[in-house]
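**Q** What follows is coords_31.tsv, made up of TSV, C-alpha atoms and all ligand atoms:
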```tsv
chain	number	residue	atom	x	y	z
E	1	MET	CA	-16.67	-4.79	-17.14
E	2	THR	CA	-13.01	-5.53	-18.01
E	3	ALA	CA	-12.20	-9.26	-18.08
E	4	TYR	CA	-9.79	-10.27	-15.33
E	5	THR	CA	-8.75	-13.17	-13.15
E	6	LYS	CA	-7.28	-13.11	-9.68
E	7	ASN	CA	-4.33	-15.47	-9.71
E	8	ASP	CA	-1.51	-16.23	-7.31
E	9	VAL	CA	-1.47	-15.13	-3.70
E	10	LEU	CA	1.04	-12.29	-3.20
E	11	LEU	CA	0.37	-11.71	0.48
E	12	GLN	CA	-1.67	-13.59	3.03
E	13	ALA	CA	-2.55	-12.56	6.57
E	14	LYS	CA	-3.90	-15.50	8.57
E	15	ASP	CA	-5.62	-15.30	11.93
E	16	ILE	CA	-3.73	-12.19	13.08
E	17	SER	CA	-4.35	-11.16	16.66
E	18	LEU	CA	-2.86	-8.40	18.77
E	19	TYR	CA	-3.11	-7.96	22.52
E	20	TYR	CA	-1.72	-5.26	24.78
E	21	ASP	CA	-1.51	-6.97	28.18
E	22	ASP	CA	-4.92	-8.69	28.25
E	23	LYS	CA	-6.66	-6.09	26.07
E	24	CYS	CA	-7.57	-7.49	22.67
E	25	ILE	CA	-6.95	-4.92	19.89
E	26	LEU	CA	-7.10	-7.15	16.78
E	27	ARG	CA	-8.78	-10.52	16.44
E	28	ASN	CA	-8.91	-13.22	13.72
E	29	ILE	CA	-7.77	-10.94	10.91
E	30	ASP	CA	-7.66	-12.84	7.62
E	31	PHE	CA	-7.09	-11.44	4.18
E	32	THR	CA	-5.43	-12.30	0.93
E	33	VAL	CA	-3.94	-10.14	-1.80
E	34	ARG	CA	-3.47	-11.69	-5.24
E	35	ASP	CA	-2.07	-10.75	-8.57
E	36	ILE	CA	-4.58	-9.78	-11.19
E	37	VAL	CA	-4.34	-10.73	-14.83
E	38	ARG	CA	-6.12	-8.61	-17.42
E	39	PRO	CA	-5.72	-8.61	-21.17
E	40	GLY	CA	-2.11	-7.56	-21.76
E	41	LEU	CA	-1.47	-6.74	-18.11
E	42	GLN	CA	-0.49	-8.44	-14.89
E	43	GLN	CA	-0.69	-6.27	-11.78
E	44	GLY	CA	-0.83	-6.26	-7.99
E	45	GLN	CA	-3.82	-5.15	-5.98
E	46	VAL	CA	-4.65	-1.84	-4.35
E	47	VAL	CA	-6.43	-2.54	-1.09
E	48	SER	CA	-7.68	-0.10	1.48
E	49	LEU	CA	-8.16	-0.54	5.20
E	50	ILE	CA	-11.04	1.56	6.42
E	51	GLY	CA	-12.52	1.90	9.88
E	52	ARG	CA	-13.60	4.47	12.39
E	53	SER	CA	-11.14	6.26	14.64
E	54	GLY	CA	-9.52	4.04	17.27
E	55	ILE	CA	-10.63	0.78	15.64
E	56	GLY	CA	-7.09	-0.51	15.08
E	57	LYS	CA	-6.04	0.55	11.56
E	58	THR	CA	-2.68	1.87	12.72
E	59	GLN	CA	-2.06	-1.25	14.76
E	60	LEU	CA	-2.80	-3.49	11.78
E	61	PHE	CA	-0.60	-1.25	9.63
E	62	ARG	CA	2.23	-1.66	12.17
E	63	VAL	CA	1.79	-5.44	12.17
E	64	LEU	CA	1.82	-5.61	8.36
E	65	SER	CA	4.92	-3.43	8.17
E	66	GLY	CA	6.82	-5.58	10.66
E	67	LEU	CA	7.05	-2.72	13.20
E	68	GLN	CA	4.78	-4.63	15.61
E	69	LYS	CA	4.94	-8.36	16.22
E	70	PRO	CA	1.42	-9.82	16.31
E	71	SER	CA	0.38	-11.85	19.36
E	72	GLY	CA	-0.77	-14.62	17.01
E	73	GLY	CA	-1.15	-15.47	13.34
E	74	THR	CA	1.11	-15.35	10.32
E	75	ILE	CA	1.80	-13.12	7.35
E	76	THR	CA	3.31	-14.74	4.29
E	77	VAL	CA	4.41	-13.29	0.98
E	78	ARG	CA	4.97	-14.99	-2.36
E	79	GLU	CA	7.68	-13.70	-4.60
E	80	ARG	CA	9.24	-14.52	-7.94
E	81	LYS	CA	12.79	-15.70	-7.47
E	82	PRO	CA	15.29	-16.29	-10.27
E	83	VAL	CA	16.90	-19.75	-10.11
E	84	GLU	CA	19.58	-21.20	-12.35
E	85	SER	CA	18.48	-24.10	-14.54
E	86	GLY	CA	20.25	-26.00	-17.32
E	87	ASN	CA	19.00	-23.44	-19.84
E	88	GLY	CA	19.92	-20.34	-17.87
E	89	SER	CA	17.92	-18.41	-15.28
E	90	ILE	CA	14.19	-19.05	-14.82
E	91	GLU	CA	11.75	-17.52	-12.35
E	92	VAL	CA	9.90	-19.59	-9.77
E	93	TRP	CA	7.36	-18.60	-7.13
E	94	ARG	CA	8.40	-18.96	-3.52
E	95	GLU	CA	6.29	-18.52	-0.38
E	96	ARG	CA	7.88	-17.36	2.85
E	97	PRO	CA	7.09	-15.49	6.07
E	98	VAL	CA	7.13	-11.72	5.70
E	99	ARG	CA	10.42	-10.13	6.79
E	100	ALA	CA	11.28	-6.66	8.04
E	101	GLY	CA	12.11	-4.67	4.94
E	102	ASP	CA	9.63	-6.46	2.63
E	103	MET	CA	7.20	-3.62	2.98
E	104	GLY	CA	7.98	-0.16	1.72
E	105	VAL	CA	6.37	1.96	4.39
E	106	ILE	CA	5.31	5.47	3.49
E	107	PHE	CA	4.28	7.35	6.60
E	108	GLN	CA	2.02	10.32	6.91
E	109	ASN	CA	4.88	12.70	7.77
E	110	TYR	CA	7.15	11.79	4.90
E	111	TYR	CA	10.38	11.72	6.81
E	112	GLN	CA	13.49	12.40	4.77
E	113	PHE	CA	17.09	12.93	5.84
E	114	GLY	CA	17.27	16.72	6.03
E	115	TRP	CA	20.95	16.97	5.17
E	116	ARG	CA	20.71	14.99	1.90
E	117	THR	CA	19.40	16.36	-1.36
E	118	VAL	CA	16.51	14.51	-2.98
E	119	ARG	CA	18.92	13.03	-5.53
E	120	GLN	CA	21.27	11.77	-2.79
E	121	SER	CA	18.37	10.15	-0.90
E	122	LEU	CA	17.09	8.50	-4.06
E	123	LEU	CA	20.58	7.26	-4.95
E	124	LEU	CA	20.89	5.68	-1.52
E	125	ALA	CA	17.57	3.89	-2.05
E	126	ALA	CA	18.51	2.72	-5.56
E	127	ARG	CA	21.83	1.30	-4.32
E	128	LYS	CA	19.87	-1.03	-2.01
E	129	ASN	CA	18.30	-2.68	-5.05
E	130	PRO	CA	20.59	-5.23	-6.73
E	131	ALA	CA	18.36	-5.21	-9.82
E	132	LEU	CA	19.41	-1.61	-10.47
E	133	ALA	CA	23.19	-2.15	-10.12
E	134	GLY	CA	24.97	0.18	-12.52
E	135	LYS	CA	21.67	1.74	-13.65
E	136	GLU	CA	20.82	3.75	-10.52
E	137	GLU	CA	21.11	7.18	-12.16
E	138	ASP	CA	18.99	6.10	-15.14
E	139	ALA	CA	16.28	4.77	-12.83
E	140	ILE	CA	16.22	8.01	-10.80
E	141	ARG	CA	15.97	10.08	-13.98
E	142	GLU	CA	13.13	7.92	-15.26
E	143	TYR	CA	11.06	8.02	-12.05
E	144	ALA	CA	11.76	11.73	-11.53
E	145	GLY	CA	10.49	12.47	-15.03
E	146	ARG	CA	7.47	10.20	-14.70
E	147	PHE	CA	6.43	11.67	-11.37
E	148	ASP	CA	7.33	15.27	-12.11
E	149	ILE	CA	10.09	15.96	-9.57
E	150	THR	CA	13.04	16.49	-11.95
E	151	ASP	CA	13.19	20.17	-10.97
E	152	VAL	CA	13.68	19.43	-7.29
E	153	LEU	CA	16.36	16.72	-7.43
E	154	GLN	CA	19.06	19.08	-6.12
E	155	ARG	CA	16.90	20.47	-3.32
E	156	TYR	CA	16.79	19.53	0.36
E	157	PRO	CA	13.58	18.10	1.91
E	158	ALA	CA	12.76	21.34	3.75
E	159	GLN	CA	12.60	23.06	0.35
E	160	LEU	CA	9.88	20.72	-0.98
E	161	SER	CA	6.11	21.03	-0.84
E	162	GLY	CA	4.10	18.32	0.94
E	163	GLY	CA	3.10	16.76	-2.37
E	164	GLN	CA	6.68	16.75	-3.64
E	165	GLN	CA	7.95	15.16	-0.42
E	166	GLN	CA	5.30	12.53	-0.73
E	167	ARG	CA	6.22	11.68	-4.32
E	168	VAL	CA	9.89	11.47	-3.32
E	169	SER	CA	8.97	9.02	-0.54
E	170	ILE	CA	7.01	6.84	-2.92
E	171	ILE	CA	9.80	6.86	-5.53
E	172	GLN	CA	12.30	5.99	-2.79
E	173	GLN	CA	10.36	2.80	-2.01
E	174	LEU	CA	9.98	1.95	-5.69
E	175	LEU	CA	13.74	2.38	-6.24
E	176	LYS	CA	14.43	0.10	-3.27
E	177	GLY	CA	12.45	-2.53	-5.14
E	178	SER	CA	9.66	-2.92	-2.58
E	179	ASN	CA	6.83	-4.95	-4.03
E	180	PHE	CA	4.49	-4.01	-1.19
E	181	LEU	CA	3.84	-0.37	-0.45
E	182	LEU	CA	2.08	0.46	2.79
E	183	LEU	CA	0.72	3.98	2.79
E	184	ASP	CA	-0.47	5.72	5.93
E	185	GLU	CA	-2.86	8.62	5.21
E	186	PRO	CA	-1.30	9.38	1.80
E	187	PHE	CA	-3.92	12.01	0.93
E	188	SER	CA	-3.96	14.12	4.07
E	189	GLY	CA	-2.90	17.76	3.86
E	190	LEU	CA	-2.76	17.83	0.05
E	191	ASP	CA	-4.49	20.48	-1.99
E	192	ILE	CA	-6.82	19.30	-4.73
E	193	CYS	CA	-4.26	19.63	-7.60
E	194	VAL	CA	-1.56	17.70	-5.73
E	195	LEU	CA	-4.16	15.18	-4.59
E	196	ASP	CA	-4.97	14.47	-8.24
E	197	LYS	CA	-1.27	14.04	-9.06
E	198	VAL	CA	-0.73	11.67	-6.16
E	199	THR	CA	-3.77	9.51	-6.94
E	200	GLU	CA	-2.66	9.38	-10.58
E	201	LEU	CA	0.83	8.35	-9.47
E	202	LEU	CA	-0.52	5.57	-7.26
E	203	LEU	CA	-2.76	4.35	-10.07
E	204	GLN	CA	0.26	4.31	-12.40
E	205	VAL	CA	2.28	2.32	-9.87
E	206	SER	CA	-0.48	-0.24	-9.42
E	207	LEU	CA	-0.87	-0.65	-13.19
E	208	SER	CA	2.87	-0.86	-13.82
E	209	ASP	CA	2.96	-4.58	-14.63
E	210	GLU	CA	5.46	-5.14	-11.83
E	211	LEU	CA	3.05	-6.73	-9.36
E	212	LYS	CA	3.20	-3.85	-6.91
E	213	THR	CA	0.72	-4.21	-4.09
E	214	LEU	CA	-0.54	-1.06	-2.40
E	215	ILE	CA	-2.13	-1.17	1.04
E	216	ILE	CA	-3.65	2.16	2.01
E	217	VAL	CA	-4.89	3.32	5.41
E	218	SER	CA	-6.82	6.54	5.14
E	219	HIS	CA	-9.68	8.56	6.56
E	220	ASP	CA	-10.37	9.96	3.08
E	221	ILE	CA	-12.81	7.24	2.08
E	222	ALA	CA	-13.77	8.67	-1.32
E	223	THR	CA	-10.21	9.11	-2.59
E	224	THR	CA	-9.11	5.76	-1.22
E	225	VAL	CA	-12.02	3.91	-2.79
E	226	GLU	CA	-11.37	5.75	-6.05
E	227	ILE	CA	-7.99	4.08	-6.51
E	228	SER	CA	-8.60	0.75	-4.75
E	229	ASP	CA	-9.83	-2.54	-6.11
E	230	THR	CA	-10.75	-3.97	-2.70
E	231	VAL	CA	-11.90	-2.43	0.57
E	232	PHE	CA	-11.48	-4.14	3.91
E	233	ILE	CA	-13.59	-2.63	6.66
E	234	LEU	CA	-12.26	-3.02	10.15
E	235	GLY	CA	-14.90	-3.09	12.87
E	236	LYS	CA	-16.23	-4.81	15.96
E	237	GLU	CA	-18.58	-7.79	16.04
E	238	SER	CA	-21.18	-7.53	18.77
E	239	GLY	CA	-20.24	-9.21	22.01
E	240	LYS	CA	-16.66	-9.78	20.89
E	241	GLU	CA	-13.54	-7.99	22.00
E	242	GLY	CA	-11.03	-6.62	19.49
E	243	SER	CA	-11.47	-5.52	15.90
E	244	THR	CA	-11.63	-7.73	12.87
E	245	ILE	CA	-12.45	-7.42	9.18
E	246	ILE	CA	-16.23	-7.18	9.18
E	247	ARG	CA	-16.65	-6.60	5.47
E	248	GLU	CA	-14.73	-7.06	2.24
E	249	ILE	CA	-15.96	-5.13	-0.79
E	250	ASP	CA	-14.72	-6.20	-4.21
E	251	LEU	CA	-14.72	-2.99	-6.26
E	252	ILE	CA	-13.72	-4.83	-9.44
E	253	GLU	CA	-16.96	-6.82	-9.38
E	254	ARG	CA	-18.87	-3.54	-9.03
E	255	GLY	CA	-17.07	-2.06	-12.05
E	256	LEU	CA	-15.36	0.56	-9.87
E	257	ALA	CA	-11.69	-0.37	-10.27
E	258	TRP	CA	-9.08	1.14	-12.62
E	259	ARG	CA	-11.24	4.08	-13.66
E	260	HIS	CA	-10.78	7.85	-13.44
E	261	ASP	CA	-14.36	8.99	-13.74
E	262	LEU	CA	-15.97	7.57	-10.64
E	263	ARG	CA	-17.20	10.48	-8.55
E	264	GLN	CA	-20.53	10.89	-10.35
E	265	ASP	CA	-21.14	7.14	-10.78
E	266	LYS	CA	-24.20	6.01	-8.83
E	267	VAL	CA	-22.62	2.68	-7.88
E	268	PHE	CA	-19.61	4.59	-6.46
E	269	VAL	CA	-21.84	6.96	-4.48
E	270	ASP	CA	-23.89	4.02	-3.15
E	271	THR	CA	-20.71	2.15	-2.24
E	272	LEU	CA	-19.43	5.12	-0.22
E	273	ALA	CA	-22.77	5.27	1.62
E	274	GLU	CA	-22.58	1.53	2.28
E	275	ILE	CA	-19.04	1.85	3.69
E	276	LYS	CA	-20.03	4.78	5.91
E	277	GLY	CA	-22.97	2.72	7.15
E	278	CYS	CA	-20.56	0.03	8.36
E	279	LEU	CA	-18.39	2.41	10.42
O	1	LIG	N1	0.62	0.79	23.16
O	1	LIG	C1	-0.69	0.59	23.34
O	1	LIG	N2	-1.14	0.00	24.45
O	1	LIG	C2	-2.46	-0.24	24.65
O	1	LIG	N3	-3.42	0.09	23.76
O	1	LIG	C3	-3.02	0.69	22.62
O	1	LIG	C4	-1.65	0.98	22.34
O	1	LIG	N4	-1.57	1.56	21.13
O	1	LIG	C5	-2.85	1.66	20.68
O	1	LIG	N5	-3.71	1.14	21.56
O	1	LIG	C6	-5.17	1.03	21.41
O	1	LIG	O1	-5.42	0.31	20.22
O	1	LIG	C7	-6.67	0.73	19.65
O	1	LIG	C8	-6.49	0.95	18.17
O	1	LIG	O2	-5.65	2.08	17.96
O	1	LIG	P1	-5.21	2.55	16.51
O	1	LIG	O3	-4.23	3.67	16.69
O	1	LIG	O4	-4.77	1.39	15.72
O	1	LIG	O5	-6.58	3.13	15.90
O	1	LIG	P2	-6.85	3.78	14.48
O	1	LIG	O6	-7.96	3.01	13.86
O	1	LIG	O7	-5.59	3.91	13.71
O	1	LIG	O8	-7.37	5.23	14.92
O	1	LIG	P3	-7.24	6.65	14.20
O	1	LIG	O9	-8.07	6.55	12.95
O	1	LIG	O10	-7.84	7.58	15.19
O	1	LIG	O11	-5.79	6.91	13.92
O	1	LIG	C9	-7.08	1.99	20.42
O	1	LIG	O12	-8.12	1.60	21.32
O	1	LIG	C10	-5.85	2.39	21.18
O	1	LIG	O13	-6.18	3.00	22.40
```
For this file, write the structure as structure tokens.
Ligand SMILES: Nc1ncnc2c1ncn2[C@@H]1O[C@H](COP(=O)(O)OP(=O)(O)OP(=O)(O)O)[C@@H](O)[C@H]1O

**A**
Amino acid sequence: MTAYTKNDVLLQAKDISLYYDDKCILRNIDFTVRDIVRPGLQQGQVVSLIGRSGIGKTQLFRVLSGLQKPSGGTITVRERKPVESGNGSIEVWRERPVRAGDMGVIFQNYYQFGWRTVRQSLLLAARKNPALAGKEEDAIREYAGRFDITDVLQRYPAQLSGGQQQRVSIIQQLLKGSNFLLLDEPFSGLDICVLDKVTELLLQVSLSDELKTLIIVSHDIATTVEISDTVFILGKESGKEGSTIIREIDLIERGLAWRHDLRQDKVFVDTLAEIKGCL
């Protein structure tokens, strides 16, 4: 197995609860996402939230994205911040509560402004990122080339396929500079060729040495597990109201992370059966 260490906390959810009136939906949700250091590479994590229908995945997704205020608990992020020192600018780590806008949310129906071309939408996103000032066009060209959408930059969203729209949405969030990407059902409705392209893209993003964290909610357990390094299973504990994380599976320890050839691997197949058994 590849040598690695899990280092600093990038995101921490502590004791999250969510009630609607007196109905408990989420209870005591705790999890931590760290940066991972491997030989020659520092990267964020790819974690998946899996659970049966109605268990609360969307609600947890909404809480993480800042769309829904939790009834209790905290979510903190750690980020690298440049500060001026006597010898110029250095980077320090800073921990703070999550803010609206920290998370780049990529919804299932990849909503784009219909009256803007892809290029115009991407330019708007790039202009929100101070790190790209003056280099917006270069960054768009680079991402478009890397993710195979150069041909559609002058098109309008209605003229794109589902897979192209999805890649545009992901690039939009990357251009904005989001370090945390929350993806809701990123694999649904894609044919097998596009599905491969999208999983490859997400793998590339996670391995990009920019500490991007991906949090994926999906019903497609096999594809999600294929690109994740950690699975959190949301479920109910007997006699208790509300859903919580009933199981965390470390796919790195099982030798299942950062690989392309998993489908036939017995450990992968057994892990899928284990996850299904928990639902
Ligand atoms: N506004 C609301 N008021 C009260 N209960 C709600 C509200 N929104 C969702 N719920 C309840 O919260 C629970 C979790 O719903 P959620 O949509 O998060 O499930 P899910 O795991 O995403 O399901 P699916 O996989 O089917 O999309 C459900 O029991 C649902 O009925």

**Q** Please identify all polymer residues within 12 Å of E:Phe268, counting only C-alpha atoms, omitting same-chain residues fewer than 4 positions from it, and present them as a PyMOL selection string.

**A** chain E and resi 221-228+249+251-252+254-257+259-264+272-275

**Q** Within 6 Å of ligand LIG 1 (chain O), counting all atoms listed in the file, which protein or nucleic acid residues do you find, written as a PyMOL selection string?

**A** chain E and resi 20+25+52-59

**Q** Could you tell me how far atom CA of E:Gly235 lies from atom CA of E:Cys278, in Å and to one decimal?

**A**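 According to the coordinates, atom CA of E:Gly235 and atom CA of E:Cys278 are separated by 7.9 Å.
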
**Q** Using all atoms listed in the file, I'd like a table of the residues in stretch 62-116 of chain E that come within 12 Å of stretch 164-188 of chain E; for each, show the closest atom pair and its distance in Å rounded to one decimal, ordered by chain and ascending number, as a tab-separated table.

**A**
```
residue	atom	partner	partner_atom	distance
E:Arg62	CA	E:Leu182	CA	9.6
E:Val63	CA	E:Leu182	CA	11.1
E:Leu64	CA	E:Leu182	CA	8.2
E:Ser65	CA	E:Leu182	CA	7.2
E:Gly66	CA	E:Leu182	CA	11.0
E:Leu67	CA	E:Leu182	CA	12.0
E:Val77	CA	E:Phe180	CA	9.5
E:Arg78	CA	E:Asn179	CA	10.3
E:Glu79	CA	E:Asn179	CA	8.8
E:Arg80	CA	E:Asn179	CA	10.6
E:Val98	CA	E:Phe180	CA	10.7
E:Arg99	CA	E:Phe180	CA	11.7
E:Ala100	CA	E:Ser178	CA	11.4
E:Gly101	CA	E:Ser178	CA	8.1
E:Asp102	CA	E:Ser178	CA	6.3
E:Met103	CA	E:Phe180	CA	5.0
E:Gly104	CA	E:Leu181	CA	4.7
E:Val105	CA	E:Leu182	CA	4.8
E:Ile106	CA	E:Leu183	CA	4.9
E:Phe107	CA	E:Asp184	CA	5.1
E:Gln108	CA	E:Asp184	CA	5.3
E:Asn109	CA	E:Gln166	CA	8.5
E:Tyr110	CA	E:Gln166	CA	6.0
E:Tyr111	CA	E:Ser169	CA	8.0
E:Gln112	CA	E:Ser169	CA	7.7
E:Phe113	CA	E:Ser169	CA	11.0
E:Gly114	CA	E:Gln165	CA	11.4
```

**Q** Could you list, as JSON, numbers by chain, every residue within 8 Å of E:Val92, counting all atoms listed in the file and ignoring same-chain residues fewer than 6 positions away?

**A** {"E": [80, 81, 82, 83]}

**Q** Using only the atoms of stretch 94-97 of chain E listed in the file, plus 4 Å on each side, state the axis-aligned box centre and edge lengths in Å rounded to one decimal, as lines of an AutoDock Vina configuration file.

**A**
```
center_x = 7.3
center_y = -17.2
center_z = 1.3
size_x = 10.1
size_y = 11.5
size_z = 17.6
```

**Q** So, counting all atoms listed in the file, which residue among E:Leu279, E:Leu49, E:Ile16, E:Ile245 is closest to E:Ser218?

**A**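 Of E:Leu279, E:Leu49, E:Ile16, E:Ile245, the one nearest E:Ser218, counting all atoms listed in the file, is E:Leu49.
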
**Q** Would you kindly return, as a PyMOL selection string, each protein, DNA or RNA residue with an atom no farther than 10 Å from any atom of stretch 153-155 of chain E, considering all atoms listed in the file and excluding same-chain residues fewer than 4 positions away?

**A** chain E and resi 116-122+140-141+144+149+159-160+168

**Q** Please report the interatomic distance between atom CA of E:Asp148 and atom CA of E:Glu200 in Å with one decimal.

**A** 11.7 Å

**Q** Grab the atom CA of E:Asp21 to atom CA of E:Ser71 distance for me, in Å with one decimal place.

**A**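 Going from atom CA of E:Asp21 over to atom CA of E:Ser71, I get 10.3 Å.
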
**Q** Residues within 9 Å of (-6.9, -4.6, -9.3), file coordinates, counting all atoms listed in the file: what are they? Give the list as a list in words.

**A** Tyr4, Lys6, Arg34, Asp35, Ile36, Val37, Gln43, Gly44, Gln45, Val46, Val47, Ser206, Leu207, Ser228, Asp229, Thr230, Leu251, Ile252, Ala257 and Trp258 of chain E

**Q** Here is a test: counting only C-alpha atoms, which residue of E:Thr244, E:Thr74, E:Ser161, E:Ser208 is nearest to E:Val194?

**A**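 Distance minimum relative to E:Val194 lands on E:Ser161.
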
**Q** Using only C-alpha atoms, find the one residue out of E:Asn28, E:Thr76, E:Asn129, E:Ser48 that sits nearest to E:Arg94.

**A**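 Ranked by minimum distance to E:Arg94, first place goes to E:Thr76.
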
**Q** Give the answer as one residue: which of E:Ile233, E:Leu10, E:Ile216, E:Ala3 has the shortest atom-to-atom distance to E:Thr199, using all atoms listed in the file?

**A**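 Looking only at the distances to E:Thr199, the closest residue turns out to be E:Ile216.
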
**Q** Which of these residues is nearest to E:Lys197, using all atoms listed in the file: E:Gly163, E:Lys276, E:Glu137, E:Ile75?

**A**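 Result for the nearest residue to E:Lys197: E:Gly163.
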